[in-house]
$ cat data16.txt   # compact mmCIF, C-alpha atoms
# COMPACT_ATOMS: atom_id res chain seq x y z
CA MET A 23 -9.76 -22.23 -8.81
CA PRO A 24 -6.81 -20.72 -10.71
CA PRO A 25 -3.63 -20.13 -8.70
CA LEU A 26 -1.87 -16.80 -8.75
CA PRO A 27 0.91 -16.41 -11.33
CA VAL A 28 4.42 -16.98 -9.97
CA LEU A 29 7.23 -14.81 -11.34
CA ASN A 30 10.96 -14.89 -10.62
CA LEU A 31 12.80 -11.57 -10.40
CA HIS A 32 16.02 -13.24 -11.60
CA LEU A 33 14.44 -13.48 -15.04
CA GLN A 34 14.20 -9.69 -15.14
CA ARG A 35 18.00 -9.60 -15.41
CA THR A 36 18.56 -12.59 -17.69
CA ASN A 37 15.61 -12.06 -20.06
CA PRO A 38 13.94 -8.70 -19.35
CA THR A 39 11.62 -8.92 -22.36
CA LEU A 40 10.17 -12.27 -21.30
CA PHE A 41 9.85 -11.15 -17.66
CA SER A 42 8.02 -7.99 -18.74
CA LYS A 43 5.57 -9.98 -20.83
CA GLN A 44 4.85 -12.32 -17.91
CA LEU A 45 4.45 -9.40 -15.52
CA VAL A 46 2.07 -7.40 -17.70
CA LYS A 47 -0.01 -10.51 -18.44
CA ALA A 48 -0.41 -11.19 -14.71
CA CYS A 49 -1.26 -7.56 -13.89
CA HIS A 50 -3.73 -7.35 -16.78
CA GLU A 51 -5.57 -10.60 -16.18
CA ILE A 52 -5.79 -10.72 -12.36
CA GLY A 53 -3.72 -7.86 -10.92
CA PHE A 54 -1.96 -10.12 -8.36
CA PHE A 55 1.13 -12.30 -8.54
CA LEU A 56 3.72 -14.02 -6.36
CA LEU A 57 7.28 -12.80 -6.85
CA GLU A 58 10.35 -14.88 -6.03
CA HIS A 59 12.93 -12.22 -5.18
CA ASP A 60 16.57 -11.98 -4.17
CA LEU A 61 16.32 -9.75 -1.11
CA PRO A 62 18.48 -11.45 1.56
CA ASN A 63 16.45 -13.86 3.65
CA SER A 64 18.03 -12.44 6.82
CA ILE A 65 16.52 -9.00 6.11
CA CYS A 66 13.03 -10.43 5.61
CA GLU A 67 13.12 -12.76 8.61
CA ARG A 68 14.48 -9.99 10.83
CA ALA A 69 11.69 -7.62 9.79
CA LEU A 70 9.05 -10.25 10.56
CA SER A 71 10.66 -11.17 13.88
CA GLU A 72 11.00 -7.57 15.08
CA THR A 73 7.42 -6.82 14.08
CA ARG A 74 6.14 -9.86 15.94
CA LEU A 75 8.13 -8.80 19.01
CA PHE A 76 6.56 -5.32 19.00
CA PHE A 77 3.00 -6.62 18.92
CA GLN A 78 3.71 -8.96 21.84
CA LYS A 79 4.43 -5.96 24.09
CA PRO A 80 1.87 -4.55 26.55
CA LEU A 81 -0.65 -2.12 25.10
CA GLU A 82 0.65 0.81 27.17
CA GLN A 83 4.09 0.40 25.59
CA LYS A 84 2.70 0.17 22.08
CA MET A 85 0.62 3.28 22.73
CA SER A 86 3.83 5.26 23.25
CA ILE A 87 3.82 5.78 19.47
CA TYR A 88 0.03 6.17 19.12
CA TYR A 89 -0.91 7.72 15.79
CA GLY A 90 -3.83 9.82 17.02
CA HIS A 91 -1.64 12.59 18.44
CA GLU A 92 -0.46 13.80 15.02
CA PRO A 93 -2.20 14.71 11.73
CA SER A 94 0.06 12.55 9.58
CA PHE A 95 -1.66 9.16 10.11
CA ARG A 96 1.67 7.63 11.22
CA GLY A 97 2.28 5.45 14.25
CA TYR A 98 0.60 2.66 16.21
CA MET A 99 -3.07 1.91 15.62
CA PRO A 100 -4.74 -0.41 18.15
CA MET A 101 -7.60 -2.76 17.33
CA GLY A 102 -10.81 -0.99 16.43
CA VAL A 103 -9.54 2.37 15.11
CA GLU A 104 -9.35 1.61 11.39
CA ASN A 105 -12.24 0.79 9.09
CA THR A 106 -12.81 -0.37 5.54
CA GLU A 107 -16.09 0.61 3.89
CA GLY A 108 -17.35 1.73 7.30
CA LYS A 109 -16.73 -1.66 8.95
CA THR A 110 -14.11 -2.00 11.69
CA ASP A 111 -10.97 -3.90 10.72
CA GLY A 112 -9.82 -6.78 12.92
CA ARG A 113 -6.14 -5.89 13.15
CA GLU A 114 -3.61 -3.69 14.90
CA GLN A 115 -0.78 -2.03 13.04
CA ILE A 116 1.91 0.60 12.72
CA GLU A 117 1.92 2.83 9.67
CA TYR A 118 5.03 4.58 8.35
CA ALA A 119 5.72 6.62 5.22
CA ALA A 120 8.44 8.49 3.36
CA GLU A 121 10.29 11.08 5.42
CA TYR A 122 11.08 14.31 3.61
CA GLY A 123 13.97 15.83 5.54
CA LYS A 124 14.92 19.14 3.92
CA TRP A 125 11.99 18.77 1.51
CA LYS A 126 9.22 18.61 4.13
CA ASN A 127 8.55 22.35 4.19
CA SER A 128 9.24 23.01 0.52
CA SER A 129 6.48 24.64 -1.45
CA GLY A 130 5.05 22.28 -4.00
CA ARG A 131 2.29 22.33 -6.56
CA CYS A 132 -0.57 24.59 -5.47
CA ASN A 133 -4.26 24.26 -6.27
CA HIS A 134 -6.12 26.47 -8.70
CA ASN A 135 -6.61 29.09 -5.98
CA GLY A 136 -2.87 29.36 -5.40
CA GLU A 137 -3.14 27.62 -2.00
CA GLU A 138 -0.78 24.94 -0.73
CA ASN A 139 -2.39 21.57 -1.37
CA PHE A 140 -3.86 19.89 1.71
CA TYR A 141 -2.04 16.62 1.07
CA HIS A 142 1.30 18.31 1.76
CA ARG A 143 0.41 17.73 5.40
CA LEU A 144 1.44 14.10 4.82
CA ARG A 145 5.08 15.02 4.31
CA VAL A 146 5.71 17.21 7.36
CA ALA A 147 5.85 14.51 10.04
CA GLU A 148 8.62 12.09 10.94
CA ASN A 149 7.99 8.44 11.63
CA PRO A 150 7.47 7.67 15.35
CA TRP A 151 9.74 4.77 16.30
CA PRO A 152 9.57 2.90 19.61
CA ASP A 153 13.28 3.44 20.27
CA THR A 154 12.91 3.50 24.04
CA ILE A 155 11.25 0.08 24.21
CA GLN A 156 12.57 -1.62 21.05
CA PRO A 157 15.45 0.20 19.35
CA SER A 158 16.07 -2.77 17.05
CA LEU A 159 12.78 -2.26 15.19
CA ARG A 160 13.85 0.86 13.28
CA PRO A 161 16.94 -0.56 11.49
CA ALA A 162 15.17 -3.84 10.73
CA ILE A 163 12.22 -2.15 9.05
CA ASN A 164 14.33 0.46 7.26
CA ASP A 165 16.52 -2.25 5.73
CA TYR A 166 13.42 -4.16 4.62
CA VAL A 167 11.73 -1.09 3.11
CA ASP A 168 14.89 -0.01 1.27
CA GLY A 169 15.19 -3.43 -0.34
CA VAL A 170 11.52 -3.69 -1.31
CA LEU A 171 11.47 -0.20 -2.84
CA LYS A 172 14.36 -1.20 -5.11
CA ILE A 173 12.31 -4.20 -6.21
CA GLY A 174 9.46 -1.78 -6.86
CA ASP A 175 11.71 0.24 -9.17
CA GLN A 176 12.49 -2.92 -11.15
CA LEU A 177 8.83 -3.90 -11.42
CA ARG A 178 7.85 -0.38 -12.49
CA ASP A 179 10.39 -0.41 -15.32
CA ALA A 180 9.35 -3.92 -16.35
CA LEU A 181 5.70 -2.87 -16.52
CA CYS A 182 6.70 0.01 -18.76
CA LEU A 183 8.73 -2.24 -21.05
CA GLY A 184 5.87 -4.73 -21.28
CA MET A 185 3.44 -2.03 -22.41
CA GLY A 186 5.80 -0.42 -24.90
CA ILE A 187 6.88 2.51 -22.71
CA ASP A 188 10.55 3.46 -22.51
CA PRO A 189 11.26 3.63 -18.73
CA SER A 190 13.77 6.42 -19.35
CA HIS A 191 10.87 8.59 -20.49
CA LEU A 192 9.38 8.64 -16.98
CA SER A 193 9.91 12.20 -15.84
CA ASP A 194 11.82 13.24 -12.73
CA SER A 195 8.60 14.88 -11.54
CA MET A 196 6.94 11.45 -11.55
CA PHE A 197 9.53 9.20 -9.86
CA ARG A 198 12.80 9.89 -8.08
CA LYS A 199 15.47 7.95 -9.92
CA THR A 200 18.48 8.76 -7.77
CA SER A 201 19.51 7.84 -4.24
CA GLY A 202 20.30 10.34 -1.53
CA ASP A 203 18.48 13.63 -1.06
CA GLU A 204 19.14 15.29 -4.42
CA GLN A 205 15.45 14.95 -5.21
CA GLU A 206 12.24 14.84 -3.22
CA PRO A 207 11.45 11.19 -2.39
CA ASN A 208 8.67 9.11 -3.84
CA PHE A 209 5.67 8.91 -1.51
CA TRP A 210 5.94 5.33 -0.30
CA SER A 211 4.14 4.08 2.79
CA MET A 212 4.04 0.78 4.66
CA LYS A 213 2.25 -1.08 7.42
CA LEU A 214 3.40 -3.46 10.13
CA VAL A 215 0.25 -5.50 10.67
CA SER A 216 -0.80 -8.07 13.26
CA TYR A 217 -3.96 -10.07 12.61
CA PRO A 218 -5.01 -11.82 15.83
CA PRO A 219 -7.45 -14.74 15.60
CA PRO A 220 -11.10 -14.03 16.44
CA VAL A 221 -12.02 -14.41 20.11
CA LYS A 222 -14.43 -17.28 20.61
CA THR A 223 -17.47 -16.94 22.88
CA THR A 224 -18.85 -19.66 25.13
CA ASN A 225 -21.00 -21.03 22.29
CA ASN A 226 -17.85 -21.22 20.11
CA SER A 227 -18.96 -18.47 17.72
CA ALA A 228 -16.73 -15.57 16.73
CA SER A 229 -17.40 -12.58 18.97
CA ASP A 230 -15.89 -10.01 16.64
CA THR A 231 -15.42 -9.36 12.94
CA GLU A 232 -14.36 -12.27 10.74
CA TYR A 233 -12.34 -9.92 8.56
CA GLY A 234 -8.91 -8.55 9.28
CA VAL A 235 -9.71 -6.05 6.54
CA GLY A 236 -12.76 -6.00 4.28
CA ALA A 237 -12.94 -5.93 0.50
CA HIS A 238 -11.04 -3.04 -1.05
CA ALA A 239 -8.67 -2.07 -3.85
CA ASP A 240 -5.38 -0.30 -3.07
CA SER A 241 -5.13 3.40 -3.89
CA ASN A 242 -1.38 3.41 -4.64
CA PHE A 243 0.68 2.29 -7.66
CA LEU A 244 2.07 -1.11 -6.60
CA THR A 245 1.87 -3.12 -3.36
CA MET A 246 4.47 -5.69 -2.22
CA ILE A 247 3.74 -7.85 0.83
CA LEU A 248 5.91 -10.05 3.03
CA GLN A 249 3.88 -12.32 5.30
CA ASP A 250 4.15 -15.14 7.79
CA ALA A 251 5.14 -18.44 6.25
CA LYS A 252 2.50 -20.38 8.23
CA ASN A 253 -0.64 -18.24 7.96
CA SER A 254 -2.29 -16.19 5.26
CA GLY A 255 -6.00 -15.34 5.16
CA LEU A 256 -5.51 -13.03 2.17
CA GLN A 257 -8.10 -13.55 -0.57
CA VAL A 258 -8.19 -12.15 -4.11
CA GLN A 259 -11.33 -11.69 -6.19
CA THR A 260 -11.16 -12.94 -9.76
CA ILE A 261 -12.94 -11.20 -12.62
CA ASP A 262 -15.85 -13.67 -12.35
CA GLY A 263 -16.45 -12.64 -8.73
CA LYS A 264 -14.93 -15.68 -7.00
CA TRP A 265 -12.63 -15.28 -3.99
CA ILE A 266 -9.44 -17.34 -4.13
CA ASP A 267 -7.06 -17.95 -1.24
CA VAL A 268 -3.47 -16.72 -1.35
CA PRO A 269 -1.36 -19.46 0.24
CA PRO A 270 1.19 -18.89 2.99
CA THR A 271 4.46 -17.80 1.40
CA PRO A 272 8.11 -18.12 2.50
CA ALA A 273 10.38 -15.13 3.09
CA ASN A 274 11.79 -15.26 -0.44
CA VAL A 275 8.35 -14.55 -1.95
CA LEU A 276 6.49 -11.24 -2.05
CA ILE A 277 2.77 -11.04 -2.78
CA CYS A 278 2.34 -8.19 -5.26
CA ASN A 279 -0.69 -6.37 -6.59
CA ILE A 280 -1.63 -3.40 -8.75
CA GLY A 281 -3.25 -0.28 -7.29
CA GLU A 282 -5.49 2.46 -8.63
CA LEU A 283 -2.63 4.71 -9.78
CA ALA A 284 -1.19 1.95 -11.99
CA GLN A 285 -4.66 1.36 -13.38
CA ILE A 286 -4.80 5.04 -14.39
CA PHE A 287 -1.21 4.89 -15.70
CA SER A 288 -2.16 2.04 -18.04
CA GLY A 289 -5.49 3.44 -19.21
CA GLY A 290 -7.29 0.66 -17.36
CA TYR A 291 -5.25 -2.14 -18.92
CA LEU A 292 -3.70 -3.08 -15.56
CA MET A 293 -6.24 -3.92 -12.87
CA ALA A 294 -6.49 -2.72 -9.27
CA THR A 295 -7.97 -5.96 -7.97
CA PRO A 296 -10.31 -6.22 -4.97
CA HIS A 297 -8.93 -8.25 -2.07
CA ARG A 298 -9.65 -8.87 1.61
CA VAL A 299 -8.15 -10.62 4.63
CA LEU A 300 -9.93 -13.21 6.77
CA ARG A 301 -8.96 -13.41 10.42
CA PRO A 302 -6.51 -16.33 10.79
CA GLN A 303 -6.80 -19.27 13.17
CA ASP A 304 -3.42 -18.22 14.57
CA SER A 305 -1.83 -14.78 14.74
CA ARG A 306 -0.47 -13.53 11.42
CA ILE A 307 2.13 -10.85 10.62
CA SER A 308 2.06 -8.95 7.33
CA LEU A 309 4.39 -6.22 6.03
CA PRO A 310 2.90 -4.47 2.98
CA VAL A 311 4.91 -1.75 1.27
CA PHE A 312 2.94 0.67 -0.91
CA TYR A 313 5.07 1.93 -3.80
CA ASN A 314 4.15 5.31 -5.27
CA PRO A 315 5.33 8.16 -7.48
CA LYS A 316 6.10 11.56 -5.94
CA LEU A 317 3.36 13.14 -3.85
CA ASP A 318 2.77 16.08 -6.24
CA HIS A 319 2.58 14.00 -9.40
CA VAL A 320 -0.71 13.75 -11.29
CA MET A 321 -0.93 10.37 -12.99
CA GLU A 322 -2.22 10.12 -16.54
CA SER A 323 -2.38 7.23 -18.96
CA MET A 324 0.91 6.75 -20.81
CA VAL A 325 -0.44 4.13 -23.21
CA ASN A 326 -3.27 3.76 -25.68
CA PRO A 327 -5.06 0.72 -24.23
CA GLU A 328 -6.72 0.05 -27.60
CA GLU A 329 -3.29 -0.82 -28.99
CA LEU A 330 -2.80 -3.58 -26.39
CA THR A 331 -4.21 -7.11 -26.53
CA TRP A 332 -7.07 -7.55 -24.06
CA ASN A 333 -7.52 -11.00 -22.51
CA ARG A 334 -9.81 -9.79 -19.73
CA GLN A 335 -13.41 -9.93 -20.88
CA GLY A 336 -16.20 -8.86 -18.55
CA GLN A 337 -15.80 -8.22 -14.84
CA ASN A 338 -18.08 -9.17 -11.98
CA GLN A 339 -16.08 -7.87 -9.04
CA TRP A 340 -16.69 -5.87 -5.92
CA LEU A 341 -16.44 -2.14 -6.55
CA ARG A 342 -16.80 0.67 -4.06
CA LYS A 343 -20.11 2.31 -4.90
CA GLU A 344 -18.77 5.85 -4.80
CA ASN A 345 -15.07 6.15 -5.50
CA THR A 346 -13.45 8.71 -7.75
CA LEU A 347 -10.09 7.53 -9.09
CA MET A 348 -7.87 10.59 -8.77
CA GLY A 349 -4.66 10.81 -10.75
CA SER A 350 -3.17 13.10 -8.11
CA VAL A 351 -0.91 10.92 -5.98
CA GLY A 352 -1.44 13.20 -2.99
CA GLU A 353 -5.21 13.40 -3.29
CA ASN A 354 -5.71 9.67 -3.87
CA SER A 355 -3.42 8.84 -0.93
CA PHE A 356 -5.12 11.29 1.42
CA LYS A 357 -8.53 9.97 0.33
CA SER A 358 -7.66 6.49 1.53
CA LEU A 359 -6.29 7.68 4.89
CA ALA A 360 -9.20 10.01 5.59
CA ARG A 361 -11.76 7.30 4.88
CA SER A 362 -10.02 4.67 6.99
CA HIS A 363 -9.24 6.92 9.99
CA ALA A 364 -12.29 9.12 10.46
CA GLU A 365 -11.48 10.15 14.05
CA VAL A 366 -7.96 11.37 13.26
CA PHE A 367 -9.25 13.12 10.16
CA LYS A 368 -11.91 14.89 12.22
CA ARG A 369 -9.51 15.79 15.05
CA HIS A 370 -6.61 17.15 13.02
CA HIS A 371 -8.14 18.20 9.72
CA GLY A 372 -11.26 20.05 10.79
CA ASP A 373 -10.89 22.55 7.95
CA LEU A 374 -11.41 19.76 5.40
CA GLN A 375 -14.39 17.69 4.40
CA ILE A 376 -14.53 14.41 2.53
CA LEU A 377 -17.23 14.03 -0.08
CA GLY A 378 -19.14 10.84 -0.72
CA ASP A 379 -17.00 9.90 -3.70
CA GLY A 380 -13.73 10.35 -1.77
CA ARG A 381 -12.78 13.82 -2.98
CA ILE A 382 -11.54 16.14 -0.25
CA GLN A 383 -11.99 19.88 -0.18
CA LEU A 384 -11.71 22.83 2.16
CA LYS A 385 -14.83 23.58 4.12
CA LYS A 386 -16.62 26.71 3.02
CA ASN A 387 -16.78 29.55 5.54

$ encode --input "data16.txt" --output "structure tokens"
Amino acid sequence: MPPLPVLNLHLQRTNPTLFSKQLVKACHEIGFFLLEHDLPNSICERALSETRLFFQKPLEQKMSIYYGHEPSFRGYMPMGVENTEGKTDGREQIEYAAEYGKWKNSSGRCNHNGEENFYHRLRVAENPWPDTIQPSLRPAINDYVDGVLKIGDQLRDALCLGMGIDPSHLSDSMFRKTSGDEQEPNFWSMKLVSYPPPVKTTNNSASDTEYGVGAHADSNFLTMILQDAKNSGLQVQTIDGKWIDVPPTPANVLICNIGELAQIFSGGYLMATPHRVLRPQDSRISLPVFYNPKLDHVMESMVNPEELTWNRQGQNQWLRKENTLMGSVGENSFKSLARSHAEVFKRHHGDLQILGDGRIQLKKN
């Protein structure tokens, strides 16, 4: 089976045109690639080590940052609370996202009725850190996220260049292009994930789900993943419907894939590829960062896909039966969270309802 393309970020600086061509080809034909990057190895190894240390702690300590107490879907999620396509995921995790500081209560784009959009609820909360039991986790993860987001900026601009878009034409309402708090941040999110091996029963059969997470496509723009160097379990579905294994990768390699928002951005030329995770034989740590535009941005195609060369002919992949691709960053992000965390959605967002195709609306009185 074909291996995933391997790209080197150094080429983006020495020959940006060639790198952009390689990147767009990979994202068009399979939507996944391995990226050799230059983020310091110490930052990556520290993030993995601190994450592993957190998940080794007793459950009662991990529950000190339990996500179910707040409506923002941030914090620790024990085994059994998240689902994909209605099936329970075999993993525990922490989820964090962009913090908005002075921007968190700012009025943003309203809906057609002049009401504040429901997805603004995602920007009010702060990230719950386990500072009392592991104060070293926060700086380790923040350093990692800061570095990966900068790589995301480079990949975004390279994708633009490779499709004939001038990156300078991306509006300030789409992506924040400055550091500091002069502008509202982009709506990034990330997970600290632990995939434990399946528990074997007396007859040596798996007693729980074989999947760490079932087949799905990401709802964001671009995903970048750091994982254990010894275990993987991640599988990618090719256009002919075959599942191929992503190998274990060292700390200087990120696994990258395209999400639904980039698919919309490219008029369907870039592909949000289905993928899944099998439960490993040994515990596995994974640190995906989900790169996004600003929460209020509505993504539209910035290219004419008919003017691009198509090498992807015919697709026989898993697709969610009912799934509306929404250009609204906020709506598409909230859709994914509401579907995966039904109990928190029900508890904290009782005024909303999720339709079968993923659209969310206020309940009628």

$ residues_around --input "data16.txt" --residues "Pro219 of chain A" --least-positions-apart "5" --cutoff "7 Å" --atoms "only C-alpha atoms" --output "PyMOL selection string"
chain A and resi 301-305

$ closest_residue --input "data16.txt" --among "A:Ser42, A:Asn274, A:Thr245, A:Asn354" --to "Ile286 of chain A" --atoms "all atoms listed in the file"
A:Asn354

$ residues_near_point --input "data16.txt" --point "(-9.6, 12.7, 3.6)" --cutoff "9 Å" --atoms "all atoms listed in the file" --output "JSON, numbers by chain"
{"A": [141, 353, 354, 355, 356, 357, 358, 359, 360, 361, 362, 363, 364, 367, 371, 374, 375, 376, 377, 380, 381, 382, 383]}

$ closest_residue --input "data16.txt" --among "A:Pro25, A:Gly236, A:Gly186, A:Gly281" --to "Leu56 of chain A" --atoms "only C-alpha atoms"
A:Pro25

$ closest_residue --input "data16.txt" --among "A:Ala180, A:Leu347, A:Leu144, A:Met196" --to "Ala239 of chain A" --atoms "all atoms listed in the file"
A:Leu347

$ residues_around --input "data16.txt" --residues "Ser323 of chain A" --least-positions-apart "4" --cutoff "10 Å" --atoms "only C-alpha atoms" --output "VMD selection string"
chain A and resid 283 to 291 327 349

$ write_last_selection --input "data16.txt" --atoms "C-alpha atoms" --output "PDB file, keeping the file's coordinate frame"
ATOM      1  CA  LEU A 283      -2.630   4.710  -9.780  1.00  0.00           C
ATOM      2  CA  ALA A 284      -1.190   1.950 -11.990  1.00  0.00           C
ATOM      3  CA  GLN A 285      -4.660   1.360 -13.380  1.00  0.00           C
ATOM      4  CA  ILE A 286      -4.800   5.040 -14.390  1.00  0.00           C
ATOM      5  CA  PHE A 287      -1.210   4.890 -15.700  1.00  0.00           C
ATOM      6  CA  SER A 288      -2.160   2.040 -18.040  1.00  0.00           C
ATOM      7  CA  GLY A 289      -5.490   3.440 -19.210  1.00  0.00           C
ATOM      8  CA  GLY A 290      -7.290   0.660 -17.360  1.00  0.00           C
ATOM      9  CA  TYR A 291      -5.250  -2.140 -18.920  1.00  0.00           C
ATOM     10  CA  PRO A 327      -5.060   0.720 -24.230  1.00  0.00           C
ATOM     11  CA  GLY A 349      -4.660  10.810 -10.750  1.00  0.00           C
TER      12      GLY A 349
END

$ closest_atom_pairs --input "data16.txt" --of "segment 134-245 of chain A" --to "segment 86-98 of chain A" --cutoff "8 Å" --atoms "all atoms listed in the file" --output "CSV"
residue,atom,partner,partner_atom,distance
A:Arg143,CA,A:Ser94,CA,6.7
A:Leu144,CA,A:Ser94,CA,5.2
A:Arg145,CA,A:Ser94,CA,7.7
A:Val146,CA,A:Ser94,CA,7.7
A:Ala147,CA,A:Ser94,CA,6.1
A:Asn149,CA,A:Arg96,CA,6.4
A:Pro150,CA,A:Gly97,CA,5.8
A:Trp151,CA,A:Ile87,CA,6.8
A:Pro152,CA,A:Ile87,CA,6.4

$ residues_around --input "data16.txt" --residues "Leu181 of chain A" --least-positions-apart "5" --cutoff "12 Å" --atoms "all atoms listed in the file" --output "ChimeraX atom specification"
/A:34,38-50,174-176,186-189,243-244,280,284-285,287-288,291-292,324-325

$ atom_distance --input "data16.txt" --atom1 "atom CA of Leu192 of chain A" --atom2 "atom CA of Met348 of chain A"
19.2 Å

$ build_atoms --input "data16.txt" --residues "segment 85-99 of chain A" --atoms "N, CA and C atoms" --output "PDB file, in the coordinates of the input"
ATOM      1  N   MET A  85       1.290   1.980  22.841  1.00  0.00           N
ATOM      2  CA  MET A  85       0.620   3.280  22.730  1.00  0.00           C
ATOM      3  C   MET A  85       1.589   4.460  22.855  1.00  0.00           C
ATOM      4  N   SER A  86       2.845   4.182  23.175  1.00  0.00           N
ATOM      5  CA  SER A  86       3.830   5.260  23.250  1.00  0.00           C
ATOM      6  C   SER A  86       4.068   5.900  21.885  1.00  0.00           C
ATOM      7  N   ILE A  87       3.699   5.198  20.811  1.00  0.00           N
ATOM      8  CA  ILE A  87       3.820   5.780  19.470  1.00  0.00           C
ATOM      9  C   ILE A  87       2.435   5.838  18.814  1.00  0.00           C
ATOM     10  N   TYR A  88       1.413   6.102  19.603  1.00  0.00           N
ATOM     11  CA  TYR A  88       0.030   6.170  19.120  1.00  0.00           C
ATOM     12  C   TYR A  88      -0.114   7.210  18.018  1.00  0.00           C
ATOM     13  N   TYR A  89      -0.828   6.863  16.976  1.00  0.00           N
ATOM     14  CA  TYR A  89      -0.910   7.720  15.790  1.00  0.00           C
ATOM     15  C   TYR A  89      -1.898   8.876  15.928  1.00  0.00           C
ATOM     16  N   GLY A  90      -2.766   8.821  16.918  1.00  0.00           N
ATOM     17  CA  GLY A  90      -3.830   9.820  17.020  1.00  0.00           C
ATOM     18  C   GLY A  90      -3.371  11.183  17.473  1.00  0.00           C
ATOM     19  N   HIS A  91      -2.115  11.299  17.948  1.00  0.00           N
ATOM     20  CA  HIS A  91      -1.640  12.590  18.440  1.00  0.00           C
ATOM     21  C   HIS A  91      -1.196  13.524  17.323  1.00  0.00           C
ATOM     22  N   GLU A  92      -0.994  13.007  16.127  1.00  0.00           N
ATOM     23  CA  GLU A  92      -0.460  13.800  15.020  1.00  0.00           C
ATOM     24  C   GLU A  92      -1.382  13.713  13.801  1.00  0.00           C
ATOM     25  N   PRO A  93      -1.316  14.704  12.907  1.00  0.00           N
ATOM     26  CA  PRO A  93      -2.200  14.710  11.730  1.00  0.00           C
ATOM     27  C   PRO A  93      -1.717  13.870  10.562  1.00  0.00           C
ATOM     28  N   SER A  94      -0.586  13.190  10.724  1.00  0.00           N
ATOM     29  CA  SER A  94       0.060  12.550   9.580  1.00  0.00           C
ATOM     30  C   SER A  94      -0.369  11.106   9.341  1.00  0.00           C
ATOM     31  N   PHE A  95      -1.211  10.551  10.224  1.00  0.00           N
ATOM     32  CA  PHE A  95      -1.660   9.160  10.110  1.00  0.00           C
ATOM     33  C   PHE A  95      -0.488   8.180  10.223  1.00  0.00           C
ATOM     34  N   ARG A  96       0.519   8.507  11.030  1.00  0.00           N
ATOM     35  CA  ARG A  96       1.670   7.630  11.220  1.00  0.00           C
ATOM     36  C   ARG A  96       1.743   7.204  12.685  1.00  0.00           C
ATOM     37  N   GLY A  97       2.117   5.949  12.901  1.00  0.00           N
ATOM     38  CA  GLY A  97       2.280   5.450  14.250  1.00  0.00           C
ATOM     39  C   GLY A  97       1.439   4.220  14.512  1.00  0.00           C
ATOM     40  N   TYR A  98       1.293   3.883  15.796  1.00  0.00           N
ATOM     41  CA  TYR A  98       0.600   2.660  16.210  1.00  0.00           C
ATOM     42  C   TYR A  98      -0.903   2.862  16.235  1.00  0.00           C
ATOM     43  N   MET A  99      -1.616   1.891  15.693  1.00  0.00           N
ATOM     44  CA  MET A  99      -3.070   1.910  15.620  1.00  0.00           C
ATOM     45  C   MET A  99      -3.605   0.656  16.296  1.00  0.00           C
TER      46      MET A  99
END
